[in-house]
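Written out below as structure tokens is the structure these notes cover.
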Amino acid sequence: MRDDLPTVSFPNTITVPALGIGTWKMGEDPDKVPDEVNSIRAALESGWSVVDTAEMYGEGGAELVVGAALRGCRDKAFVVSKVYPWNASTRGVQDACARSLERLAIDKIDLYLLHWRGDVPLTETVAGMEILRQQGMIGAWGVSNFDVDDMEELFSIPGGENCAANQVLYNAARRGIEFDLLPWCQERGLPMMAYSPLGQGDLLHHQEIIRLSKAYQATPAQIALAFVLERDGVLAIPKTSRPDRIHELSEAVDLEISDEDWAELDRALPPPAAKKPLEMI
Ligand code: NDP
């Protein structure tokens, strides 16, 4: 168990490690479930705490895997799940949350996110999220795939300022948020959760990531993760179904990349020079 991981703090003063495990693609193949459960358990044992899932992943299958992994160690985890936009009406969000809680076999989701913006008015979703929070079924709520204009709109409606996080695509090859969304969130003390921090594996073949991995005797995954963890207020949620990779990924926090090498990476994978619409997967 590592107790030296960097941390991020939510507006409600809860502080969690800046490294958590993703679960997209888990719960789809029964043969892979034992490894998936062990991978989540290994992450919790390494002090990662945050487990990110969604009703979408495996159509509930990933939440069942998380539920199995949490058996006997619920207190070690900070559970994040997400509601489909079409389930995000005031009533719908409460029903979806109840279903997720049942699959997860827990009585509270620590952070519940609107997965992406759909047709339901934000006022309705916020009202449902606030009811869930008051009833204790969730600890906090937030959003995912929200750009700056969405965040401005959210914060202008009653209760919208209670949003506790925004989960977005962010890695060394997808840096658009650095132009405006990341500073917007940082100024308000709102953590960002970086999804696909390893570029779903593709980024690990980029020649600059490989160059840095050789220079630091690290693996490409460690370099990709170190890039995300370098940012204040950003929580990375890499997914791995391989328990043996948890230790490797944890060691990314020990890397001390020089300013010269970060500058070299900026030349190969430049930060945005202008506003780019938020990318999503
Ligand atoms: P990641 O960037 O985390 O990459 C996951 C891939 O990288 C998997 O194929 C995994 O394979 C592989 N991998 C993991 N560790 C290593 C390693 N050490 N060396 C080589 N390959 C490795 O992609 P995801 O898209 O899964 O993003 C992470 C999480 O973010 C998701 O699981 C989900 O929880 C969340 N997410 C949220 C979205 C949203 O809209 N809010 C959208 C997309 C993701 P293996 O399992 O075999 O190790």
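Identifiers for the structure tokens are assigned positionally: chains receive A, B, ... in sequence, residues are indexed from 1 per chain, and ligands are indexed from 1 in the order shown.
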
Please, which residues of range 37-122 of chain A, numbered as in this document, come out strand (DSSP E) from DSSP, as a short mmCIF file (atom, residue, chain, number, x, y, z; two decimals) with C-alpha atoms, in the first residue's frame?
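Generated output (result21.cif):
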data_model
loop_
_atom_site.label_atom_id
_atom_site.label_comp_id
_atom_site.auth_asym_id
_atom_site.auth_seq_id
_atom_site.Cartn_x
_atom_site.Cartn_y
_atom_site.Cartn_z
CA VAL A 50 -10.96 5.80 -6.80
CA VAL A 51 -12.83 3.19 -8.86
CA ASP A 52 -14.50 4.67 -11.92
CA PHE A 78 -14.11 5.98 -3.45
CA VAL A 79 -16.71 4.78 -5.94
CA VAL A 80 -17.57 6.85 -9.00
CA SER A 81 -20.40 5.87 -11.33
CA LYS A 82 -22.25 7.61 -14.15
CA VAL A 83 -25.78 7.93 -15.39
CA ILE A 109 -21.98 6.07 -4.53
CA ASP A 110 -19.28 8.53 -3.50
CA LEU A 111 -19.42 10.55 -6.72
CA TYR A 112 -22.17 10.26 -9.33
CA LEU A 113 -21.63 11.83 -12.75
CA LEU A 114 -23.84 12.75 -15.68
#

Can you tell me, as a VMD selection string, what residues are no more than 12 Å from Lys108 in chain A when counting only C-alpha atoms, ignoring any on the same chain fewer than 5 positions away? chain A and resid 67 74 to 75 77 to 81 97 to 103 132 to 141

With C-alpha atoms kept, could you save the residues just selected as a PDB file, in the first residue's frame?
ATOM      1  CA  GLY A  67     -19.323  -4.832  -6.572  1.00  0.00           C
ATOM      2  CA  ARG A  74     -15.714  -1.084   0.659  1.00  0.00           C
ATOM      3  CA  ASP A  75     -14.051   1.296   3.118  1.00  0.00           C
ATOM      4  CA  ALA A  77     -12.754   2.698  -2.130  1.00  0.00           C
ATOM      5  CA  PHE A  78     -14.109   5.978  -3.449  1.00  0.00           C
ATOM      6  CA  VAL A  79     -16.709   4.780  -5.941  1.00  0.00           C
ATOM      7  CA  VAL A  80     -17.573   6.855  -8.996  1.00  0.00           C
ATOM      8  CA  SER A  81     -20.398   5.869 -11.330  1.00  0.00           C
ATOM      9  CA  CYS A  97     -28.808   5.397  -9.141  1.00  0.00           C
ATOM     10  CA  ALA A  98     -30.871   2.808  -7.249  1.00  0.00           C
ATOM     11  CA  ARG A  99     -30.107   0.230  -9.975  1.00  0.00           C
ATOM     12  CA  SER A 100     -26.385   1.056  -9.880  1.00  0.00           C
ATOM     13  CA  LEU A 101     -26.307   0.768  -6.082  1.00  0.00           C
ATOM     14  CA  GLU A 102     -27.888  -2.662  -6.322  1.00  0.00           C
ATOM     15  CA  ARG A 103     -25.330  -3.881  -8.882  1.00  0.00           C
ATOM     16  CA  LEU A 132     -29.869  11.840  -4.110  1.00  0.00           C
ATOM     17  CA  ARG A 133     -27.277  13.787  -2.149  1.00  0.00           C
ATOM     18  CA  GLN A 134     -29.769  14.829   0.531  1.00  0.00           C
ATOM     19  CA  GLN A 135     -30.985  11.228   0.822  1.00  0.00           C
ATOM     20  CA  GLY A 136     -27.385  10.028   1.245  1.00  0.00           C
ATOM     21  CA  MET A 137     -27.487   7.745  -1.788  1.00  0.00           C
ATOM     22  CA  ILE A 138     -24.560   9.693  -3.251  1.00  0.00           C
ATOM     23  CA  GLY A 139     -21.827  11.660  -1.525  1.00  0.00           C
ATOM     24  CA  ALA A 140     -21.397  14.211  -4.306  1.00  0.00           C
ATOM     25  CA  TRP A 141     -22.299  14.649  -7.962  1.00  0.00           C
TER      26      TRP A 141
END

Per-residue DSSP, range 163-278 of chain A, filtered to helix (DSSP H, G or I), as number ranges by chain: A: 176-178, 181-187, 199-205, 207-215, 220-229, 244-254, 259-268

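Between CA of Thr23 in chain A and CA of Lys276 in chain A there is a distance of 27.5 Å.
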
Distance query Leu64 in chain A at most 12 Å, only C-alpha atoms, self and fewer than 3 positions along chain excluded, as a ChimeraX atom specification: /A:23,26-28,30,33-34,36-37,53-61,67-71,81,99-106

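Here atom 39 (C, counted along the ligand's line) of ligand 1 is placed at a distance of 7.1 Å from CA of Leu169 in chain A.
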
Got a sec: who's within 12 Å of Ile237 in chain A, counting only C-alpha atoms, leaving out chain neighbours fewer than 6 positions off, as a CSV table (one decimal) with N, CA and C atoms, in the first residue's frame?
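Saved result, result_32.csv, follows:
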chain,number,residue,atom,x,y,z
A,17,PRO,N,-6.6,10.1,-3.5
A,17,PRO,CA,-5.3,10.0,-4.4
A,17,PRO,C,-5.7,10.3,-5.8
A,18,ALA,N,-4.7,10.9,-6.5
A,18,ALA,CA,-4.9,11.4,-7.9
A,18,ALA,C,-4.8,10.3,-8.9
A,19,LEU,N,-4.8,9.0,-8.4
A,19,LEU,CA,-4.7,7.9,-9.3
A,19,LEU,C,-5.9,6.9,-8.9
A,20,GLY,N,-6.7,6.6,-9.9
A,20,GLY,CA,-7.8,5.6,-9.7
A,20,GLY,C,-7.9,4.7,-10.8
A,21,ILE,N,-8.7,3.6,-10.7
A,21,ILE,CA,-8.8,2.6,-11.8
A,21,ILE,C,-10.1,2.8,-12.6
A,22,GLY,N,-10.0,2.7,-13.9
A,22,GLY,CA,-11.1,2.8,-14.8
A,22,GLY,C,-11.6,1.4,-15.1
A,23,THR,N,-12.9,1.3,-15.5
A,23,THR,CA,-13.5,-0.1,-15.7
A,23,THR,C,-14.2,-0.3,-17.0
A,24,TRP,N,-14.0,0.7,-17.9
A,24,TRP,CA,-14.7,0.5,-19.2
A,24,TRP,C,-14.1,-0.8,-19.9
A,40,ILE,N,-8.9,-4.6,-9.8
A,40,ILE,CA,-9.5,-3.6,-9.0
A,40,ILE,C,-9.0,-3.7,-7.5
A,43,ALA,N,-5.5,-2.5,-7.2
A,43,ALA,CA,-5.5,-1.0,-7.2
A,43,ALA,C,-5.8,-0.5,-5.8
A,48,TRP,N,-5.0,3.2,-4.5
A,48,TRP,CA,-5.6,4.1,-5.5
A,48,TRP,C,-6.9,4.7,-5.1
A,49,SER,N,-7.7,3.9,-4.3
A,49,SER,CA,-9.1,4.4,-3.9
A,49,SER,C,-10.1,4.6,-4.9
A,50,VAL,N,-9.9,5.5,-5.9
A,50,VAL,CA,-11.0,5.8,-6.8
A,50,VAL,C,-11.2,4.7,-7.8
A,51,VAL,N,-12.4,4.2,-7.9
A,51,VAL,CA,-12.8,3.2,-8.9
A,51,VAL,C,-13.9,3.8,-9.7
A,52,ASP,N,-13.6,4.0,-11.0
A,52,ASP,CA,-14.5,4.7,-11.9
A,52,ASP,C,-15.3,3.7,-12.8
A,53,THR,N,-16.6,3.8,-12.7
A,53,THR,CA,-17.4,2.9,-13.5
A,53,THR,C,-18.6,3.7,-14.0
A,80,VAL,N,-17.0,5.9,-8.1
A,80,VAL,CA,-17.6,6.9,-9.0
A,80,VAL,C,-18.4,6.1,-10.0
A,167,GLN,N,-15.3,15.0,-15.6
A,167,GLN,CA,-14.4,13.9,-16.1
A,167,GLN,C,-14.4,14.1,-17.6
A,168,VAL,N,-13.1,14.2,-18.2
A,168,VAL,CA,-13.0,14.5,-19.6
A,168,VAL,C,-11.8,13.7,-20.2
A,169,LEU,N,-11.7,13.6,-21.5
A,169,LEU,CA,-10.6,13.0,-22.2
A,169,LEU,C,-9.4,13.9,-22.0
A,170,TYR,N,-8.3,13.3,-21.5
A,170,TYR,CA,-7.1,14.1,-21.3
A,170,TYR,C,-5.9,13.2,-21.3
A,171,ASN,N,-5.0,13.4,-22.2
A,171,ASN,CA,-3.7,12.7,-22.2
A,171,ASN,C,-2.7,13.5,-23.0
A,192,MET,N,-10.6,17.7,-12.1
A,192,MET,CA,-10.9,17.1,-13.3
A,192,MET,C,-10.4,15.7,-13.2
A,193,MET,N,-11.2,14.8,-13.8
A,193,MET,CA,-10.8,13.4,-13.9
A,193,MET,C,-10.4,13.1,-15.3
A,194,ALA,N,-9.2,12.7,-15.5
A,194,ALA,CA,-8.7,12.5,-16.9
A,194,ALA,C,-8.9,11.1,-17.3
A,195,TYR,N,-9.9,10.9,-18.3
A,195,TYR,CA,-10.1,9.6,-18.8
A,195,TYR,C,-9.2,9.3,-20.0
A,196,SER,N,-9.0,8.0,-20.3
A,196,SER,CA,-8.1,7.5,-21.3
A,196,SER,C,-6.7,8.2,-21.2
A,197,PRO,N,-6.1,8.1,-20.0
A,197,PRO,CA,-4.8,8.8,-19.8
A,197,PRO,C,-3.7,8.1,-20.6
A,198,LEU,N,-4.0,6.8,-20.9
A,198,LEU,CA,-3.0,6.1,-21.8
A,198,LEU,C,-3.3,6.1,-23.2
A,199,GLY,N,-4.3,7.0,-23.6
A,199,GLY,CA,-4.7,7.0,-25.0
A,199,GLY,C,-5.3,5.7,-25.4
A,200,GLN,N,-5.9,5.0,-24.5
A,200,GLN,CA,-6.4,3.6,-24.8
A,200,GLN,C,-5.3,2.7,-25.3
A,224,ALA,N,3.3,8.1,-19.9
A,224,ALA,CA,2.0,8.7,-20.3
A,224,ALA,C,1.2,9.1,-19.0
A,225,LEU,N,1.3,8.3,-18.0
A,225,LEU,CA,0.6,8.6,-16.7
A,225,LEU,C,1.3,9.8,-16.0
A,228,VAL,N,0.0,13.2,-17.1
A,228,VAL,CA,-1.3,13.6,-16.6
A,228,VAL,C,-1.2,14.0,-15.1
A,229,LEU,N,-0.4,13.2,-14.3
A,229,LEU,CA,-0.3,13.4,-12.9
A,229,LEU,C,0.5,14.7,-12.6
A,246,ILE,N,-0.7,-3.0,-12.1
A,246,ILE,CA,-1.1,-1.9,-11.1
A,246,ILE,C,0.2,-1.4,-10.5
A,249,LEU,N,2.1,0.8,-13.0
A,249,LEU,CA,1.4,2.2,-13.1
A,249,LEU,C,1.6,3.0,-11.9
A,250,SER,N,1.6,2.4,-10.7
A,250,SER,CA,1.8,3.2,-9.4
A,250,SER,C,3.2,3.9,-9.5

Using CA of Asp107 in chain A and CA of Asp95 in chain A as the two end points, give the distance in Å to one decimal. 13.9 Å

Need the shell around Asp119 in chain A: protein/DNA/RNA residues with any atom at most 8 Å away, counting only C-alpha atoms. Skip same-chain ones fewer than 2 positions apart. Format as a ChimeraX atom specification? /A:85-86,117,121

Please produce a file of those selected residues containing C-alpha atoms, as a PDB file, in the first residue's frame.
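See part_33.pdb below for the written result:
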ATOM      1  CA  PRO A  85     -27.987  11.195 -20.309  1.00  0.00           C
ATOM      2  CA  TRP A  86     -31.362   9.708 -21.245  1.00  0.00           C
ATOM      3  CA  ARG A 117     -24.891  16.024 -21.970  1.00  0.00           C
ATOM      4  CA  PRO A 121     -32.565  20.048 -19.200  1.00  0.00           C
TER       5      PRO A 121
END

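Among the candidates A:Asp232, A:Glu208, A:Glu153, A:Glu63, the residue lying nearest to ligand 1 is A:Glu63 (atoms considered: only C-alpha atoms and all ligand atoms).
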
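Proximity ranking of A:Lys275, A:His247, A:Arg41, A:Arg267 relative to Glu178 in chain A places A:Lys275 first, based on only C-alpha atoms.
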
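The residue that comes closest to ligand 1, out of A:Asn38, A:Asn12, A:Thr90, A:Thr7 and on the basis of only C-alpha atoms and all ligand atoms, is A:Asn38.
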
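Closest approach to ligand 1 among A:Leu5, A:Ile157, A:Ile223, A:Ala215: A:Ile223, based on only C-alpha atoms and all ligand atoms.
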
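Residue nearest ligand 1 within the list A:Val143, A:Cys73, A:Ala273, A:Val16: A:Val143 [criterion: smallest interatomic distance, only C-alpha atoms and all ligand atoms].
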
Long-range neighbours of Asp244 in chain A as a PyMOL selection string, 9 Å cut-off, only C-alpha atoms, 3 positions minimum in chain: chain A and resi 39+42+241+247-248

Selection: 12 Å around Glu187 in chain A, only C-alpha atoms, excl. self and same-chain fewer than 6 positions, as a compact mmCIF listing (two decimals) with N, CA and C atoms, in the first residue's frame:
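around18.txt, freshly written:
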# COMPACT_ATOMS: atom_id res chain seq x y z
N PRO A 11 -14.53 19.88 -3.77
CA PRO A 11 -15.00 21.09 -3.07
C PRO A 11 -15.62 20.77 -1.70
N ASP A 180 -8.43 26.17 -22.01
CA ASP A 180 -9.43 26.91 -21.24
C ASP A 180 -10.14 26.10 -20.15
N LEU A 181 -10.51 24.86 -20.45
CA LEU A 181 -11.31 24.11 -19.48
C LEU A 181 -10.53 23.78 -18.21
N ASP A 232 -1.93 19.98 -11.64
CA ASP A 232 -2.65 20.18 -10.37
C ASP A 232 -4.14 19.94 -10.56
N GLY A 233 -4.74 19.28 -9.59
CA GLY A 233 -6.19 19.11 -9.60
C GLY A 233 -6.69 18.12 -10.64

Compare A:Ile210, A:Ala221, A:Met1, A:Leu278 by their minimum atom-to-atom distance to ligand 1, counting only C-alpha atoms and all ligand atoms, and give me the closest one. A:Ala221
